[in-house]
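First comes the structure, then the notes that go with it.
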Amino acid sequence: MSDGDEFLAWVRTALYEAELALHNGDPEPRRALWSRDEPVSVLGAWRNARGRHEVDALFSALGESFSDCTSYAFELLAYDVVGDMAYTAGLEHTSVSVDGVPRSYTLRATQVYRREDGAWRVAHRHGDTVTP
């Protein structure tokens, strides 16, 4: 299996499952897939974070806000793997309750990954809302 195939398999399984768990109120699987090394950052649709402490606090806040995910799909538009670095760019289509209110939205999401000790980890995320 090539590096690209291995990376895509990880994106479609572990990363997908972590995002689904977050949208059902459990931030731990997402937290587990993020880099343990600095720098880490999020330029989010709702909130930004820089550094492990802020990123962890952001994931906790999202876990408290999200519940009852009825649909989550990641539409991969582009990706590449070069050595121990990779990126994805795509659209996240989500139907979830946010603070108890059902919502459906699409985010443009770009993430940067690095391989640490043989495992892929997220180092940066940028997401913004797609508006009609």
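In the structure tokens, chains take the letters A, B, ... in the order shown, each chain's residues start at 1, and ligands count up from 1 in the order shown.
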
Can you list every residue in chain A that DSSP puts in helix (DSSP H, G or I), as a PyMOL selection string? chain A and resi 3-23+28-33+52-65

Selected residues written out, N, CA and C atoms, as a compact mmCIF listing (two decimals), in the first residue's frame:
# COMPACT_ATOMS: atom_id res chain seq x y z
N ASP A 3 1.97 5.33 0.43
CA ASP A 3 1.72 6.32 1.49
C ASP A 3 0.38 7.01 1.30
N GLY A 4 0.06 7.35 0.04
CA GLY A 4 -1.21 8.02 -0.24
C GLY A 4 -2.40 7.13 0.08
N ASP A 5 -2.31 5.85 -0.29
CA ASP A 5 -3.41 4.91 0.00
C ASP A 5 -3.58 4.72 1.50
N GLU A 6 -2.46 4.60 2.21
CA GLU A 6 -2.51 4.44 3.67
C GLU A 6 -3.13 5.66 4.33
N PHE A 7 -2.71 6.85 3.87
CA PHE A 7 -3.24 8.09 4.42
C PHE A 7 -4.75 8.19 4.18
N LEU A 8 -5.19 7.92 2.94
CA LEU A 8 -6.63 8.00 2.64
C LEU A 8 -7.44 7.00 3.46
N ALA A 9 -6.89 5.82 3.67
CA ALA A 9 -7.59 4.84 4.51
C ALA A 9 -7.77 5.38 5.92
N TRP A 10 -6.75 6.04 6.45
CA TRP A 10 -6.82 6.65 7.79
C TRP A 10 -7.86 7.78 7.82
N VAL A 11 -7.86 8.63 6.78
CA VAL A 11 -8.82 9.74 6.70
C VAL A 11 -10.25 9.19 6.69
N ARG A 12 -10.46 8.12 5.94
CA ARG A 12 -11.81 7.57 5.76
C ARG A 12 -12.29 6.72 6.93
N THR A 13 -11.38 6.36 7.82
CA THR A 13 -11.78 5.53 8.97
C THR A 13 -11.57 6.31 10.27
N ALA A 14 -10.36 6.34 10.77
CA ALA A 14 -10.08 6.94 12.08
C ALA A 14 -10.48 8.41 12.15
N LEU A 15 -10.11 9.19 11.14
CA LEU A 15 -10.43 10.61 11.16
C LEU A 15 -11.94 10.82 11.05
N TYR A 16 -12.58 10.10 10.14
CA TYR A 16 -14.04 10.19 9.99
C TYR A 16 -14.75 9.83 11.30
N GLU A 17 -14.35 8.73 11.92
CA GLU A 17 -14.97 8.29 13.16
C GLU A 17 -14.78 9.30 14.29
N ALA A 18 -13.60 9.95 14.32
CA ALA A 18 -13.34 10.97 15.35
C ALA A 18 -14.24 12.19 15.15
N GLU A 19 -14.44 12.59 13.91
CA GLU A 19 -15.32 13.73 13.63
C GLU A 19 -16.77 13.39 13.96
N LEU A 20 -17.19 12.20 13.63
CA LEU A 20 -18.55 11.77 13.96
C LEU A 20 -18.76 11.75 15.47
N ALA A 21 -17.77 11.23 16.21
CA ALA A 21 -17.87 11.21 17.68
C ALA A 21 -17.96 12.63 18.24
N LEU A 22 -17.14 13.55 17.72
CA LEU A 22 -17.19 14.94 18.18
C LEU A 22 -18.59 15.52 17.98
N HIS A 23 -19.18 15.26 16.84
CA HIS A 23 -20.50 15.80 16.56
C HIS A 23 -21.61 15.11 17.37
N GLU A 28 -12.99 13.24 22.69
CA GLU A 28 -11.77 12.46 22.94
C GLU A 28 -11.17 11.80 21.70
N PRO A 29 -11.96 11.19 20.81
CA PRO A 29 -11.34 10.61 19.62
C PRO A 29 -10.66 11.66 18.74
N ARG A 30 -11.24 12.86 18.61
CA ARG A 30 -10.58 13.91 17.84
C ARG A 30 -9.30 14.33 18.54
N ARG A 31 -9.39 14.55 19.82
CA ARG A 31 -8.21 14.96 20.60
C ARG A 31 -7.07 13.95 20.42
N ALA A 32 -7.41 12.67 20.41
CA ALA A 32 -6.39 11.61 20.29
C ALA A 32 -5.67 11.64 18.95
N LEU A 33 -6.30 12.19 17.91
CA LEU A 33 -5.68 12.22 16.58
C LEU A 33 -4.89 13.48 16.31
N ARG A 52 -1.53 23.63 22.18
CA ARG A 52 -2.26 22.46 22.70
C ARG A 52 -3.34 22.85 23.73
N HIS A 53 -3.01 23.75 24.62
CA HIS A 53 -3.96 24.12 25.66
C HIS A 53 -5.24 24.71 25.07
N GLU A 54 -5.09 25.68 24.16
CA GLU A 54 -6.26 26.30 23.54
C GLU A 54 -7.02 25.31 22.66
N VAL A 55 -6.30 24.47 21.91
CA VAL A 55 -6.94 23.48 21.05
C VAL A 55 -7.74 22.48 21.89
N ASP A 56 -7.16 22.01 22.99
CA ASP A 56 -7.89 21.10 23.88
C ASP A 56 -9.15 21.75 24.44
N ALA A 57 -9.04 23.02 24.83
CA ALA A 57 -10.22 23.73 25.36
C ALA A 57 -11.29 23.88 24.28
N LEU A 58 -10.87 24.15 23.05
CA LEU A 58 -11.82 24.26 21.95
C LEU A 58 -12.56 22.94 21.73
N PHE A 59 -11.82 21.82 21.73
CA PHE A 59 -12.45 20.51 21.52
C PHE A 59 -13.45 20.21 22.64
N SER A 60 -13.11 20.56 23.87
CA SER A 60 -14.04 20.35 24.98
C SER A 60 -15.31 21.18 24.79
N ALA A 61 -15.15 22.43 24.39
CA ALA A 61 -16.31 23.31 24.17
C ALA A 61 -17.19 22.79 23.04
N LEU A 62 -16.58 22.31 21.97
CA LEU A 62 -17.36 21.75 20.86
C LEU A 62 -18.10 20.50 21.31
N GLY A 63 -17.44 19.65 22.08
CA GLY A 63 -18.09 18.45 22.59
C GLY A 63 -19.30 18.77 23.46
N GLU A 64 -19.21 19.86 24.23
CA GLU A 64 -20.34 20.28 25.06
C GLU A 64 -21.48 20.86 24.23
N SER A 65 -21.15 21.46 23.08
CA SER A 65 -22.17 22.09 22.24
C SER A 65 -22.88 21.12 21.31

Please identify all polymer residues within 6 Å of His93 in chain A, counting only C-alpha atoms, omitting same-chain residues fewer than 6 positions from it, and present them as a ChimeraX atom specification. /A:72-73,106

Write out the residues from the selection above, keeping N, CA and C atoms, as an mmCIF file, in the first residue's frame.
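Written file, part_8.cif:
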data_model
loop_
_atom_site.group_PDB
_atom_site.id
_atom_site.type_symbol
_atom_site.label_atom_id
_atom_site.label_comp_id
_atom_site.auth_asym_id
_atom_site.auth_seq_id
_atom_site.Cartn_x
_atom_site.Cartn_y
_atom_site.Cartn_z
ATOM 1 N N TYR A 72 -23.118 13.134 8.969
ATOM 2 C CA TYR A 72 -21.815 13.780 8.791
ATOM 3 C C TYR A 72 -21.155 13.120 7.584
ATOM 4 N N ALA A 73 -20.784 13.928 6.604
ATOM 5 C CA ALA A 73 -20.094 13.407 5.422
ATOM 6 C C ALA A 73 -18.966 14.358 5.062
ATOM 7 N N THR A 106 -22.709 23.310 5.887
ATOM 8 C CA THR A 106 -21.540 22.810 5.175
ATOM 9 C C THR A 106 -20.366 23.721 5.490
#

Could you pull the residues within 6 Å of Ser67 in chain A, counting only C-alpha atoms, minus those fewer than 4 positions along the same chain, as a PyMOL selection string? chain A and resi 23-25+97

For the residues in that selection, give me N, CA and C atoms as a compact mmCIF listing (two decimals), in the first residue's frame.
# COMPACT_ATOMS: atom_id res chain seq x y z
N HIS A 23 -19.18 15.26 16.84
CA HIS A 23 -20.50 15.80 16.56
C HIS A 23 -21.61 15.11 17.37
N ASN A 24 -21.26 14.04 18.04
CA ASN A 24 -22.18 13.40 18.99
C ASN A 24 -21.81 13.71 20.43
N GLY A 25 -20.92 14.71 20.62
CA GLY A 25 -20.60 15.19 21.96
C GLY A 25 -19.37 14.61 22.61
N SER A 97 -27.28 18.78 16.38
CA SER A 97 -27.82 19.77 17.30
C SER A 97 -26.65 20.55 17.90

Could you tell me, as a VMD selection string, which residues of chain A DSSP assigns to strand (DSSP E or B) when given the backbone? chain A and resid 34 41 to 43 48 to 50 66 to 82 85 to 98 101 to 116 119 to 129

Which residues are close to Asp128 in chain A, i.e. within 9 Å by only C-alpha atoms, leaving aside same-chain residues fewer than 5 positions away? Reply as a PyMOL selection string. chain A and resi 43-46+106-109

Keeping only N, CA and C atoms, write the selected residues as a PDB file, in the first residue's frame.
ATOM      1  N   LEU A  43      -8.156  27.517  12.872  1.00  0.00           N
ATOM      2  CA  LEU A  43      -8.845  28.727  12.438  1.00  0.00           C
ATOM      3  C   LEU A  43     -10.242  28.252  12.088  1.00  0.00           C
ATOM      4  N   GLY A  44     -11.105  28.277  13.079  1.00  0.00           N
ATOM      5  CA  GLY A  44     -12.389  27.619  12.959  1.00  0.00           C
ATOM      6  C   GLY A  44     -13.510  28.511  12.462  1.00  0.00           C
ATOM      7  N   ALA A  45     -14.586  27.853  12.066  1.00  0.00           N
ATOM      8  CA  ALA A  45     -15.765  28.577  11.607  1.00  0.00           C
ATOM      9  C   ALA A  45     -16.384  29.377  12.752  1.00  0.00           C
ATOM     10  N   TRP A  46     -16.222  28.891  13.996  1.00  0.00           N
ATOM     11  CA  TRP A  46     -16.838  29.551  15.145  1.00  0.00           C
ATOM     12  C   TRP A  46     -15.821  30.090  16.144  1.00  0.00           C
ATOM     13  N   THR A 106     -22.709  23.310   5.887  1.00  0.00           N
ATOM     14  CA  THR A 106     -21.540  22.810   5.175  1.00  0.00           C
ATOM     15  C   THR A 106     -20.366  23.721   5.490  1.00  0.00           C
ATOM     16  N   LEU A 107     -19.241  23.104   5.857  1.00  0.00           N
ATOM     17  CA  LEU A 107     -18.003  23.843   6.085  1.00  0.00           C
ATOM     18  C   LEU A 107     -16.988  23.495   5.012  1.00  0.00           C
ATOM     19  N   ARG A 108     -16.252  24.497   4.555  1.00  0.00           N
ATOM     20  CA  ARG A 108     -15.036  24.234   3.785  1.00  0.00           C
ATOM     21  C   ARG A 108     -13.968  23.937   4.820  1.00  0.00           C
ATOM     22  N   ALA A 109     -13.280  22.820   4.676  1.00  0.00           N
ATOM     23  CA  ALA A 109     -12.293  22.434   5.690  1.00  0.00           C
ATOM     24  C   ALA A 109     -10.985  22.025   5.026  1.00  0.00           C
TER      25      ALA A 109
END

How far is it from CA of Val130 in chain A to CA of Pro102 in chain A, in Å with one decimal?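 Distance reported for this atom pair: 17.6 Å.
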
Could you pull the residues within 10 Å of Asp37 in chain A, counting only C-alpha atoms, minus those fewer than 4 positions along the same chain, as a PDB file with C-alpha atoms, in the first residue's frame?
ATOM      1  CA  GLY A  51      -1.291  25.741  20.996  1.00  0.00           C
ATOM      2  CA  ARG A  52      -2.264  22.460  22.697  1.00  0.00           C
ATOM      3  CA  ARG A 114       2.229  15.264  10.036  1.00  0.00           C
ATOM      4  CA  GLU A 116       4.619  11.320  14.278  1.00  0.00           C
ATOM      5  CA  ARG A 121      -1.705  13.456  13.430  1.00  0.00           C
ATOM      6  CA  ALA A 123      -1.482  19.806  13.124  1.00  0.00           C
TER       7      ALA A 123
END

Counting only C-alpha atoms, figure out which residue out of A:Leu76, A:Gly83, A:Val96, A:His126 gets nearest to Arg50 in chain A.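 Nearest to Arg50 in chain A: A:His126.
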